[in-house]
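Shown here: input-v7.cif, mmCIF, C-alpha atoms.
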data_coords
#
loop_
_atom_site.group_PDB
_atom_site.id
_atom_site.type_symbol
_atom_site.label_atom_id
_atom_site.label_comp_id
_atom_site.auth_asym_id
_atom_site.auth_seq_id
_atom_site.Cartn_x
_atom_site.Cartn_y
_atom_site.Cartn_z
ATOM 1 C CA MET A 1 16.829 31.488 10.645
ATOM 2 C CA SER A 2 20.571 30.923 10.523
ATOM 3 C CA ALA A 3 22.344 30.930 7.173
ATOM 4 C CA VAL A 4 23.767 27.891 5.368
ATOM 5 C CA ALA A 5 27.557 27.986 5.189
ATOM 6 C CA GLU A 6 28.964 29.017 1.827
ATOM 7 C CA PRO A 7 32.613 27.961 1.461
ATOM 8 C CA PRO A 8 34.085 27.937 -2.036
ATOM 9 C CA SER A 9 33.903 24.762 -4.120
ATOM 10 C CA GLU A 10 35.539 23.661 -7.343
ATOM 11 C CA PRO A 11 33.650 25.130 -10.305
ATOM 12 C CA CYS A 12 31.816 22.933 -12.784
ATOM 13 C CA ALA A 13 31.037 23.823 -16.370
ATOM 14 C CA ALA A 14 27.419 24.233 -17.422
ATOM 15 C CA ALA A 15 25.918 22.078 -20.121
ATOM 16 C CA VAL A 16 22.729 21.293 -21.994
ATOM 17 C CA PRO A 17 20.934 18.077 -20.998
ATOM 18 C CA VAL A 18 19.930 15.432 -23.518
ATOM 19 C CA GLU A 19 16.387 14.081 -23.786
ATOM 20 C CA ASP A 20 16.902 10.349 -24.346
ATOM 21 C CA ALA A 21 16.950 9.153 -20.731
ATOM 22 C CA GLY A 22 13.240 8.282 -20.450
ATOM 23 C CA PRO A 23 9.915 10.020 -19.915
ATOM 24 C CA PHE A 24 11.006 11.973 -16.842
ATOM 25 C CA VAL A 25 14.409 13.668 -16.900
ATOM 26 C CA HIS A 26 15.808 15.395 -13.805
ATOM 27 C CA PRO A 27 19.422 16.562 -14.155
ATOM 28 C CA ALA A 28 21.410 18.734 -11.767
ATOM 29 C CA LEU A 29 23.291 21.491 -13.586
ATOM 30 C CA PHE A 30 26.407 22.702 -11.776
ATOM 31 C CA TYR A 31 27.610 26.201 -12.619
ATOM 32 C CA GLY A 32 30.468 28.360 -11.414
ATOM 33 C CA ASP A 33 29.683 31.789 -12.869
ATOM 34 C CA GLU A 34 27.121 33.683 -14.920
ATOM 35 C CA GLN A 35 28.582 32.525 -18.218
ATOM 36 C CA GLU A 36 28.256 28.871 -17.224
ATOM 37 C CA TYR A 37 24.768 29.534 -15.899
ATOM 38 C CA LEU A 38 23.580 31.009 -19.182
ATOM 39 C CA ALA A 39 25.395 28.362 -21.237
ATOM 40 C CA GLY A 40 23.452 25.663 -19.402
ATOM 41 C CA THR A 41 20.029 27.292 -19.231
ATOM 42 C CA VAL A 42 19.433 29.450 -22.307
ATOM 43 C CA PRO A 43 20.063 26.701 -24.923
ATOM 44 C CA PHE A 44 17.834 24.401 -22.855
ATOM 45 C CA VAL A 45 15.025 26.956 -23.112
ATOM 46 C CA ARG A 46 15.550 27.690 -26.801
ATOM 47 C CA GLU A 47 15.669 24.013 -27.758
ATOM 48 C CA GLY A 48 12.338 23.544 -26.025
ATOM 49 C CA LEU A 49 10.760 26.520 -27.783
ATOM 50 C CA ALA A 50 12.104 25.333 -31.155
ATOM 51 C CA ALA A 51 10.476 21.933 -30.550
ATOM 52 C CA GLY A 52 7.141 23.534 -29.644
ATOM 53 C CA GLU A 53 7.461 22.483 -25.997
ATOM 54 C CA PRO A 54 6.021 24.559 -23.137
ATOM 55 C CA VAL A 55 8.853 26.034 -21.070
ATOM 56 C CA ALA A 56 8.896 27.541 -17.594
ATOM 57 C CA VAL A 57 11.778 29.066 -15.650
ATOM 58 C CA ALA A 58 11.505 29.322 -11.859
ATOM 59 C CA VAL A 59 14.765 30.648 -10.410
ATOM 60 C CA PRO A 60 15.780 33.404 -7.959
ATOM 61 C CA GLY A 61 15.014 36.899 -9.237
ATOM 62 C CA GLU A 62 18.569 37.957 -10.064
ATOM 63 C CA ARG A 63 19.075 34.772 -12.110
ATOM 64 C CA LEU A 64 15.687 35.195 -13.723
ATOM 65 C CA ALA A 65 16.761 38.625 -14.982
ATOM 66 C CA LEU A 66 19.905 37.108 -16.530
ATOM 67 C CA ILE A 67 17.923 34.484 -18.423
ATOM 68 C CA ARG A 68 15.252 36.978 -19.496
ATOM 69 C CA ASP A 69 17.827 39.362 -20.898
ATOM 70 C CA ALA A 70 19.717 36.584 -22.696
ATOM 71 C CA LEU A 71 16.522 35.251 -24.290
ATOM 72 C CA GLY A 72 15.491 38.638 -25.656
ATOM 73 C CA GLY A 73 12.192 38.364 -27.500
ATOM 74 C CA ASP A 74 11.989 34.621 -26.801
ATOM 75 C CA ALA A 75 11.340 35.434 -23.144
ATOM 76 C CA ASP A 76 7.756 36.337 -24.060
ATOM 77 C CA SER A 77 7.118 32.651 -24.877
ATOM 78 C CA VAL A 78 8.376 31.397 -21.498
ATOM 79 C CA ARG A 79 6.601 31.262 -18.138
ATOM 80 C CA LEU A 80 8.946 33.193 -15.825
ATOM 81 C CA LEU A 81 8.700 32.920 -12.026
ATOM 82 C CA ASP A 82 10.835 34.299 -9.213
ATOM 83 C CA MET A 83 11.538 31.241 -7.080
ATOM 84 C CA ARG A 84 12.258 33.439 -4.049
ATOM 85 C CA GLU A 85 8.542 34.236 -4.043
ATOM 86 C CA ALA A 86 6.850 31.259 -5.731
ATOM 87 C CA GLY A 87 9.041 28.733 -3.905
ATOM 88 C CA ARG A 88 9.738 30.464 -0.629
ATOM 89 C CA ASN A 89 8.257 27.407 1.061
ATOM 90 C CA PRO A 90 9.859 24.382 -0.651
ATOM 91 C CA GLY A 91 6.752 22.348 0.180
ATOM 92 C CA ARG A 92 4.655 24.308 -2.292
ATOM 93 C CA ILE A 93 7.039 24.090 -5.262
ATOM 94 C CA ILE A 94 5.766 20.747 -6.559
ATOM 95 C CA PRO A 95 2.033 21.563 -6.392
ATOM 96 C CA GLY A 96 2.182 25.327 -6.857
ATOM 97 C CA VAL A 97 4.975 25.727 -9.423
ATOM 98 C CA LEU A 98 6.062 22.530 -11.179
ATOM 99 C CA ARG A 99 2.799 20.571 -11.337
ATOM 100 C CA ALA A 100 0.764 23.755 -11.782
ATOM 101 C CA PHE A 101 2.665 24.424 -15.011
ATOM 102 C CA ALA A 102 3.067 20.850 -16.262
ATOM 103 C CA ASP A 103 -0.544 19.833 -15.600
ATOM 104 C CA ALA A 104 -1.849 22.792 -17.615
ATOM 105 C CA GLN A 105 -0.102 21.633 -20.809
ATOM 106 C CA PRO A 106 -1.504 19.344 -23.535
ATOM 107 C CA ASP A 107 -1.073 15.615 -22.966
ATOM 108 C CA GLY A 108 1.787 13.943 -24.795
ATOM 109 C CA ARG A 109 3.914 17.046 -25.233
ATOM 110 C CA ARG A 110 7.209 17.246 -23.366
ATOM 111 C CA VAL A 111 7.350 20.037 -20.817
ATOM 112 C CA ARG A 112 10.603 21.754 -19.882
ATOM 113 C CA ILE A 113 11.148 23.503 -16.565
ATOM 114 C CA ILE A 114 14.197 25.094 -15.004
ATOM 115 C CA GLY A 115 13.769 25.022 -11.244
ATOM 116 C CA GLU A 116 16.354 26.380 -8.797
ATOM 117 C CA PRO A 117 14.987 25.795 -5.286
ATOM 118 C CA ILE A 118 18.348 25.906 -3.458
ATOM 119 C CA TRP A 119 20.457 29.050 -3.512
ATOM 120 C CA ALA A 120 23.037 30.720 -1.294
ATOM 121 C CA GLY A 121 21.029 32.481 1.382
ATOM 122 C CA ARG A 122 18.611 29.643 2.025
ATOM 123 C CA SER A 123 18.795 29.139 5.785
ATOM 124 C CA SER A 124 19.856 26.013 7.622
ATOM 125 C CA THR A 125 16.279 25.813 8.896
ATOM 126 C CA GLU A 126 14.928 25.805 5.339
ATOM 127 C CA TYR A 127 17.489 23.466 3.832
ATOM 128 C CA PRO A 128 16.074 20.074 4.968
ATOM 129 C CA ALA A 129 12.737 20.970 3.345
ATOM 130 C CA CYS A 130 14.587 22.072 0.191
ATOM 131 C CA VAL A 131 16.565 18.877 -0.243
ATOM 132 C CA GLN A 132 13.553 16.685 0.544
ATOM 133 C CA HIS A 133 11.695 18.607 -2.174
ATOM 134 C CA GLU A 134 14.432 17.790 -4.691
ATOM 135 C CA ALA A 135 14.268 14.105 -3.730
ATOM 136 C CA LEU A 136 10.469 13.956 -3.928
ATOM 137 C CA ILE A 137 10.336 15.463 -7.436
ATOM 138 C CA ASN A 138 11.390 12.053 -8.730
ATOM 139 C CA ASP A 139 8.288 10.317 -7.363
ATOM 140 C CA ALA A 140 5.982 13.249 -8.101
ATOM 141 C CA PHE A 141 6.857 13.139 -11.829
ATOM 142 C CA ARG A 142 7.631 9.472 -12.335
ATOM 143 C CA GLY A 143 6.524 8.435 -15.841
ATOM 144 C CA ARG A 144 5.685 12.001 -16.880
ATOM 145 C CA THR A 145 7.053 13.488 -20.115
ATOM 146 C CA VAL A 146 8.765 16.306 -18.273
ATOM 147 C CA THR A 147 12.328 17.583 -17.965
ATOM 148 C CA ILE A 148 13.216 19.554 -14.833
ATOM 149 C CA LEU A 149 16.698 21.080 -14.902
ATOM 150 C CA CYS A 150 17.999 22.150 -11.484
ATOM 151 C CA PRO A 151 20.974 24.556 -11.366
ATOM 152 C CA TYR A 152 23.438 24.519 -8.440
ATOM 153 C CA ASP A 153 25.934 27.311 -7.725
ATOM 154 C CA VAL A 154 29.199 25.519 -6.930
ATOM 155 C CA ARG A 155 30.904 28.739 -5.807
ATOM 156 C CA ARG A 156 28.493 29.575 -3.037
ATOM 157 C CA LEU A 157 26.829 26.347 -1.927
ATOM 158 C CA ASP A 158 28.689 24.128 0.502
ATOM 159 C CA GLU A 159 29.917 20.627 -0.256
ATOM 160 C CA ARG A 160 27.082 18.967 1.646
ATOM 161 C CA VAL A 161 24.550 20.659 -0.649
ATOM 162 C CA LEU A 162 26.434 19.597 -3.774
ATOM 163 C CA ALA A 163 26.720 16.021 -2.490
ATOM 164 C CA ASP A 164 22.990 15.975 -1.810
ATOM 165 C CA ALA A 165 22.379 17.163 -5.384
ATOM 166 C CA HIS A 166 24.067 13.987 -6.620
ATOM 167 C CA ALA A 167 21.807 11.940 -4.328
ATOM 168 C CA THR A 168 18.567 13.634 -5.433
ATOM 169 C CA HIS A 169 19.202 13.738 -9.205
ATOM 170 C CA PRO A 170 19.489 10.604 -11.338
ATOM 171 C CA THR A 171 21.760 12.455 -13.743
ATOM 172 C CA VAL A 172 24.210 15.301 -13.321
ATOM 173 C CA ILE A 173 26.058 17.643 -15.660
ATOM 174 C CA PRO A 174 29.650 17.772 -14.423
ATOM 175 C CA SER A 175 32.438 20.213 -14.993
ATOM 176 C CA GLY A 176 33.779 20.460 -18.510
ATOM 177 C CA SER A 177 31.021 18.401 -20.107
ATOM 178 C CA ARG A 178 27.915 19.100 -22.154
ATOM 179 C CA ARG A 179 26.483 15.657 -21.524
ATOM 180 C CA GLU A 180 24.486 14.251 -18.671
ATOM 181 C CA GLN A 181 25.975 11.350 -16.798
ATOM 182 C CA GLY A 182 24.389 9.009 -14.326
ATOM 183 C CA SER A 183 24.842 9.841 -10.656
ATOM 184 C CA ALA A 184 26.462 6.997 -8.744
ATOM 185 C CA ALA A 185 25.145 8.535 -5.495
ATOM 186 C CA TYR A 186 21.485 8.707 -6.590
ATOM 187 C CA ASP A 187 19.301 7.637 -3.640
ATOM 188 C CA PRO A 188 16.328 9.981 -3.123
ATOM 189 C CA ALA A 189 14.598 7.709 -0.590
ATOM 190 C CA ASP A 190 17.663 7.878 1.646
ATOM 191 C CA VAL A 191 17.645 11.684 1.411
ATOM 192 C CA VAL A 192 13.982 11.896 2.436
ATOM 193 C CA ALA A 193 14.639 9.625 5.418
ATOM 194 C CA ARG A 194 17.928 11.286 6.388
ATOM 195 C CA TYR A 195 16.378 14.755 6.546
ATOM 196 C CA ASN A 196 13.357 13.539 8.502
ATOM 197 C CA GLU A 197 15.058 15.248 11.417
ATOM 198 C CA PRO A 198 13.553 15.744 14.886
ATOM 199 C CA LEU A 199 12.654 19.406 15.302
ATOM 200 C CA PRO A 200 14.377 21.069 18.267
ATOM 201 C CA PRO A 201 12.081 21.731 21.242
ATOM 202 C CA VAL A 202 11.123 25.307 22.117
ATOM 203 C CA PRO A 203 10.675 25.566 25.901
ATOM 204 C CA HIS A 204 9.257 29.115 25.867
ATOM 205 C CA ALA A 205 6.420 28.352 23.409
ATOM 206 C CA THR A 206 2.790 28.806 24.390
ATOM 207 C CA ALA A 207 1.339 25.266 24.502
ATOM 208 C CA PHE A 208 -2.234 23.988 24.411
ATOM 209 C CA ALA A 209 -3.372 20.353 24.482
ATOM 210 C CA PHE A 210 -6.464 19.844 22.333
ATOM 211 C CA ASP A 211 -8.932 17.143 21.344
ATOM 212 C CA ALA A 212 -12.121 16.947 19.292
ATOM 213 C CA ASP A 213 -14.002 19.158 21.777
ATOM 214 C CA SER A 214 -11.484 21.987 21.759
ATOM 215 C CA LEU A 215 -10.575 22.531 18.081
ATOM 216 C CA SER A 216 -12.156 25.979 17.969
ATOM 217 C CA HIS A 217 -10.400 26.973 21.177
ATOM 218 C CA ALA A 218 -7.053 25.867 19.751
ATOM 219 C CA ARG A 219 -7.557 28.053 16.686
ATOM 220 C CA HIS A 220 -8.469 31.060 18.835
ATOM 221 C CA ILE A 221 -5.368 30.559 20.978
ATOM 222 C CA ALA A 222 -3.166 30.527 17.869
ATOM 223 C CA VAL A 223 -4.809 33.660 16.478
ATOM 224 C CA ASP A 224 -4.544 35.520 19.787
ATOM 225 C CA GLU A 225 -0.881 34.571 20.137
ATOM 226 C CA GLY A 226 -0.148 35.482 16.520
ATOM 227 C CA ALA A 227 -1.819 38.857 16.844
ATOM 228 C CA GLY A 228 0.049 39.547 20.049
ATOM 229 C CA LEU A 229 3.318 38.755 18.293
ATOM 230 C CA GLY A 230 2.567 41.148 15.426
ATOM 231 C CA LEU A 231 0.774 39.175 12.702
ATOM 232 C CA THR A 232 -2.010 41.145 11.024
ATOM 233 C CA GLY A 233 -4.404 40.963 8.095
ATOM 234 C CA VAL A 234 -3.976 38.133 5.598
ATOM 235 C CA ARG A 235 -1.012 36.638 7.432
ATOM 236 C CA LEU A 236 -3.063 36.328 10.615
ATOM 237 C CA GLN A 237 -5.843 34.698 8.581
ATOM 238 C CA ASP A 238 -3.282 32.282 7.133
ATOM 239 C CA LEU A 239 -2.191 31.324 10.652
ATOM 240 C CA ALA A 240 -5.831 30.698 11.590
ATOM 241 C CA LEU A 241 -6.359 28.523 8.487
ATOM 242 C CA VAL A 242 -3.203 26.491 9.042
ATOM 243 C CA THR A 243 -3.980 25.941 12.700
ATOM 244 C CA ALA A 244 -7.516 24.806 11.907
ATOM 245 C CA GLU A 245 -6.289 22.363 9.258
ATOM 246 C CA LEU A 246 -3.531 20.897 11.418
ATOM 247 C CA VAL A 247 -5.555 20.392 14.594
ATOM 248 C CA THR A 248 -8.424 18.893 12.595
ATOM 249 C CA ASN A 249 -6.006 16.497 10.862
ATOM 250 C CA SER A 250 -4.679 15.475 14.268
ATOM 251 C CA VAL A 251 -8.138 14.583 15.500
ATOM 252 C CA VAL A 252 -9.355 12.900 12.303
ATOM 253 C CA HIS A 253 -6.195 11.202 11.035
ATOM 254 C CA GLY A 254 -3.864 11.242 14.019
ATOM 255 C CA ALA A 255 -4.417 9.915 17.506
ATOM 256 C CA GLY A 256 -7.531 12.027 18.166
ATOM 257 C CA SER A 257 -5.681 14.700 20.104
ATOM 258 C CA GLY A 258 -2.500 16.714 20.035
ATOM 259 C CA VAL A 259 -0.538 19.686 21.309
ATOM 260 C CA LEU A 260 -0.474 23.127 19.666
ATOM 261 C CA ARG A 261 2.484 25.440 20.226
ATOM 262 C CA VAL A 262 3.044 29.034 19.063
ATOM 263 C CA TRP A 263 6.135 31.230 19.514
ATOM 264 C CA PRO A 264 8.193 34.040 17.920
ATOM 265 C CA GLU A 265 11.425 33.228 16.068
ATOM 266 C CA ASP A 266 13.727 35.603 14.170
ATOM 267 C CA GLY A 267 11.034 37.713 12.521
ATOM 268 C CA PHE A 268 8.519 34.878 12.193
ATOM 269 C CA VAL A 269 5.567 33.547 14.110
ATOM 270 C CA VAL A 270 5.878 29.770 14.320
ATOM 271 C CA CYS A 271 2.946 27.419 14.757
ATOM 272 C CA GLU A 272 3.476 23.733 15.544
ATOM 273 C CA VAL A 273 1.101 20.817 16.001
ATOM 274 C CA HIS A 274 2.253 17.464 17.371
ATOM 275 C CA ASP A 275 0.107 14.333 17.581
ATOM 276 C CA GLY A 276 0.552 10.607 18.016
ATOM 277 C CA GLY A 277 -0.176 9.705 14.393
ATOM 278 C CA ARG A 278 2.366 8.515 11.833
ATOM 279 C CA LEU A 279 2.649 10.277 8.454
ATOM 280 C CA THR A 280 3.682 7.549 5.997
ATOM 281 C CA ASP A 281 3.346 9.401 2.665
ATOM 282 C CA PRO A 282 6.288 11.760 2.017
ATOM 283 C CA LEU A 283 4.301 13.469 -0.780
ATOM 284 C CA ALA A 284 1.366 14.304 1.492
ATOM 285 C CA GLY A 285 0.571 17.992 1.016
ATOM 286 C CA ARG A 286 2.674 18.210 -2.148
ATOM 287 C CA ARG A 287 0.160 16.864 -4.663
ATOM 288 C CA PRO A 288 -2.267 19.255 -6.373
ATOM 289 C CA ALA A 289 -5.890 18.584 -5.544
ATOM 290 C CA SER A 290 -8.099 17.405 -8.410
ATOM 291 C CA ARG A 291 -11.199 19.434 -9.165
ATOM 292 C CA ASP A 292 -13.558 16.713 -7.949
ATOM 293 C CA GLN A 293 -11.511 15.812 -4.875
ATOM 294 C CA ARG A 294 -13.389 15.887 -1.599
ATOM 295 C CA GLY A 295 -11.276 16.358 1.464
ATOM 296 C CA GLY A 296 -7.587 15.592 1.707
ATOM 297 C CA ARG A 297 -6.566 19.195 1.031
ATOM 298 C CA GLY A 298 -5.457 20.113 4.551
ATOM 299 C CA LEU A 299 -1.680 19.673 4.249
ATOM 300 C CA LEU A 300 -1.757 21.098 0.721
ATOM 301 C CA LEU A 301 -3.354 24.290 2.034
ATOM 302 C CA VAL A 302 -0.794 24.396 4.833
ATOM 303 C CA ASN A 303 2.034 24.272 2.289
ATOM 304 C CA LEU A 304 0.464 26.820 -0.022
ATOM 305 C CA VAL A 305 0.019 29.571 2.583
ATOM 306 C CA SER A 306 2.989 29.060 4.948
ATOM 307 C CA ASP A 307 6.417 30.627 4.409
ATOM 308 C CA LEU A 308 8.085 27.380 5.479
ATOM 309 C CA VAL A 309 6.829 23.968 6.577
ATOM 310 C CA ARG A 310 8.972 21.348 8.305
ATOM 311 C CA VAL A 311 7.672 17.887 9.160
ATOM 312 C CA HIS A 312 9.098 15.168 11.359
ATOM 313 C CA THR A 313 7.444 11.809 11.790
ATOM 314 C CA GLY A 314 8.685 8.994 14.005
ATOM 315 C CA GLU A 315 7.741 6.417 16.602
ATOM 316 C CA ASP A 316 6.378 9.100 18.944
ATOM 317 C CA GLY A 317 4.103 10.665 16.319
ATOM 318 C CA THR A 318 4.223 13.514 13.828
ATOM 319 C CA THR A 319 5.173 17.175 14.229
ATOM 320 C CA VAL A 320 4.286 19.809 11.641
ATOM 321 C CA ARG A 321 5.957 23.194 12.154
ATOM 322 C CA CYS A 322 4.998 26.265 10.080
ATOM 323 C CA TRP A 323 6.572 29.715 9.801
ATOM 324 C CA PHE A 324 4.796 33.004 9.025
ATOM 325 C CA ALA A 325 6.846 36.119 8.304
ATOM 326 C CA LEU A 326 5.983 39.228 10.295
#
What would you get if you wrote out this structure as structure tokens?
Amino acid sequence: MSAVAEPPSEPCAAAVPVEDAGPFVHPALFYGDEQEYLAGTVPFVREGLAAGEPVAVAVPGERLALIRDALGGDADSVRLLDMREAGRNPGRIIPGVLRAFADAQPDGRRVRIIGEPIWAGRSSTEYPACVQHEALINDAFRGRTVTILCPYDVRRLDERVLADAHATHPTVIPSGSRREQGSAAYDPADVVARYNEPLPPVPHATAFAFDADSLSHARHIAVDEGAGLGLTGVRLQDLALVTAELVTNSVVHGAGSGVLRVWPEDGFVVCEVHDGGRLTDPLAGRRPASRDQRGGRGLLLVNLVSDLVRVHTGEDGTTVRCWFAL
């Protein structure tokens, strides 16, 4: 995966969001150095703890250590997660991190979460899934009594990323201010559509056309290819599970058939399934399954076990592409 460009940007001062904007609050916090980062995050955490609110922090490991150290003993009262691990695949952040924490809390109590899904070092392949995730948070938590604060490193993220942050967050915390302000560029639906990008073709991939009579064969082809490319153990089992879910979805919910492709790419095994169906729900695979839910877990499982999932849907059908680290 190629890296996202990281030219310098003008720094913005960190700040502490206010809580009077409605049930769901989703500000972008711009920071230019560690001091600004801590000034914007630590008071946010402590205010939540003082109010008896459940608080979680899901940020990259080096930032997590900064917040933990600054909180001292208060860190024991906070759910701390390394986003590089928990959110490696942006598609699992909503169900596996944000909703997993918020849904476990008592009804009626505000929940506070710091979530930093986009950092310098995210690849250009990952980025469209990251920014779509940020846009989809707004629908996933609409009407919920939750505040999700999303930090952005203005020194190391390029201007496109910072512009997208204004489009995916209804409020932003600009330089030199400790108040949220409305984002004039807020348009999450446009972001979801804009990053619904066609996935580049891979001519050298192993391809297999399947239908209802060849689902098992498709799974075996994926497993054989994955093993030959170096996947072993649990990761090979994950590839088998994802392949089974995707080809079954194609037959049941798509056009009844599809094409499976598998290939190596920069230290990953990539599995792709294309069919003639149209995926109309951008949150498909990003909602947690209820305990009594029957079926409908296929794309959720795909997101939970893959290292990255990219989806493109258009007039010619839907393509789901999944990466598994070797």
Open item on the list: Just want the 12 Å neighbourhood of Gly254 of chain A, counted on all atoms listed in the file, with same-chain residues fewer than 5 positions away dropped. Output as a count of residues only.
Closed with: 20
TODO: To one decimal in Å, tell me the separation between atom CA of Leu98 of chain A and atom CA of Val57 of chain A.
DONE: 9.8 Å
Open item on the list: Can you translate the PyMOL selection byres ((chain A and resi 180) around 6) into the concrete residues it hits in this file, as an MDAnalysis selection string?
Closed with: chainID A and resid 17 171:173 179 181
Task: Residue nearest Ala207 of chain A - candidates A:Val223, A:Leu260, A:Ala189, A:Val320, atoms counted: all atoms listed in the file - done: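 Of all the options, A:Leu260 lies closest to Ala207 of chain A.
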- [ ] Tell me which residues the PyMOL selection byres ((chain A and resi 37-42) around 9) grabs here, as a list in words.
- [x] Ala13, Ala14, Ala15, Val16, Pro17, Leu29, Phe30, Tyr31, Gly32, Asp33, Glu34, Gln35, Glu36, Pro43, Phe44, Val45, Arg46, Glu47, Arg63, Leu66, Ile67, Ala70, Leu71, Ile114, Leu149, Pro151, Asp153 and Arg178 of chain A
- [ ] Could you please determine the separation between atom CA of Arg297 of chain A and atom CA of Thr145 of chain A in Å, to one decimal place?
- [x]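 Distance between the two atoms: 25.8 Å.
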TODO: For Ala240 of chain A, please output as a list in words all residues within 7 Å (counting only C-alpha atoms; exclusion window: fewer than 3 positions along the same chain).
DONE: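 So the residues in contact are Arg219, Ala222, Val223, Leu236, Gln237, Thr243 and Ala244 of chain A.
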TODO: Would you mind telling me which residue in A:Pro117, A:Gly256, A:Gly96, A:Pro128 lies nearest to Arg194 of chain A when using only C-alpha atoms?
DONE: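 Ranked by minimum distance to Arg194 of chain A, first place goes to A:Pro128.
A straight line drawn from atom CA of Val242 of chain A to atom CA of Glu134 of chain A is 24.0 Å long.
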Open item on the list: Expand the PyMOL selection byres ((chain A and resi 54) around 9) into the explicit residue set it covers here, and present it as number ranges by chain.
Closed with: A: 48-49, 52-53, 55-56, 77-79, 101-102, 105, 109-113
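With distances restricted to only C-alpha atoms, A:Glu272 is the closest residue to Glu245 of chain A from A:Glu272, A:Glu225, A:Asp103, A:Glu265.
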Reconstruct all heavy atoms of segment 229-234 of chain A; output as a compact mmCIF listing (two decimals), keeping the file's coordinate frame.
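Listing of out38.txt after writing:
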# COMPACT_ATOMS: atom_id res chain seq x y z
N LEU A 229 1.93 38.75 18.75
CA LEU A 229 3.32 38.76 18.29
C LEU A 229 3.53 39.62 17.06
O LEU A 229 4.65 39.76 16.58
CB LEU A 229 3.77 37.32 17.99
CG LEU A 229 3.86 36.40 19.22
CD1 LEU A 229 4.08 34.95 18.78
CD2 LEU A 229 4.98 36.87 20.15
N GLY A 230 2.43 40.20 16.52
CA GLY A 230 2.57 41.15 15.43
C GLY A 230 1.99 40.75 14.09
O GLY A 230 2.05 41.52 13.13
N LEU A 231 1.41 39.54 13.97
CA LEU A 231 0.77 39.17 12.70
C LEU A 231 -0.52 39.96 12.54
O LEU A 231 -1.28 40.14 13.50
CB LEU A 231 0.46 37.68 12.65
CG LEU A 231 1.59 36.71 12.31
CD1 LEU A 231 1.03 35.29 12.22
CD2 LEU A 231 2.29 37.08 11.01
N THR A 232 -0.78 40.40 11.31
CA THR A 232 -2.01 41.14 11.02
C THR A 232 -2.58 40.71 9.68
O THR A 232 -1.92 40.02 8.89
CB THR A 232 -1.74 42.67 10.96
OG1 THR A 232 -0.79 42.93 9.92
CG2 THR A 232 -1.20 43.19 12.29
N GLY A 233 -3.80 41.11 9.42
CA GLY A 233 -4.40 40.96 8.10
C GLY A 233 -4.37 39.55 7.55
O GLY A 233 -4.70 38.59 8.25
N VAL A 234 -3.96 39.42 6.29
CA VAL A 234 -3.98 38.13 5.60
C VAL A 234 -3.07 37.13 6.29
O VAL A 234 -3.41 35.94 6.38
CB VAL A 234 -3.55 38.31 4.13
CG1 VAL A 234 -3.40 36.96 3.44
CG2 VAL A 234 -4.57 39.16 3.38
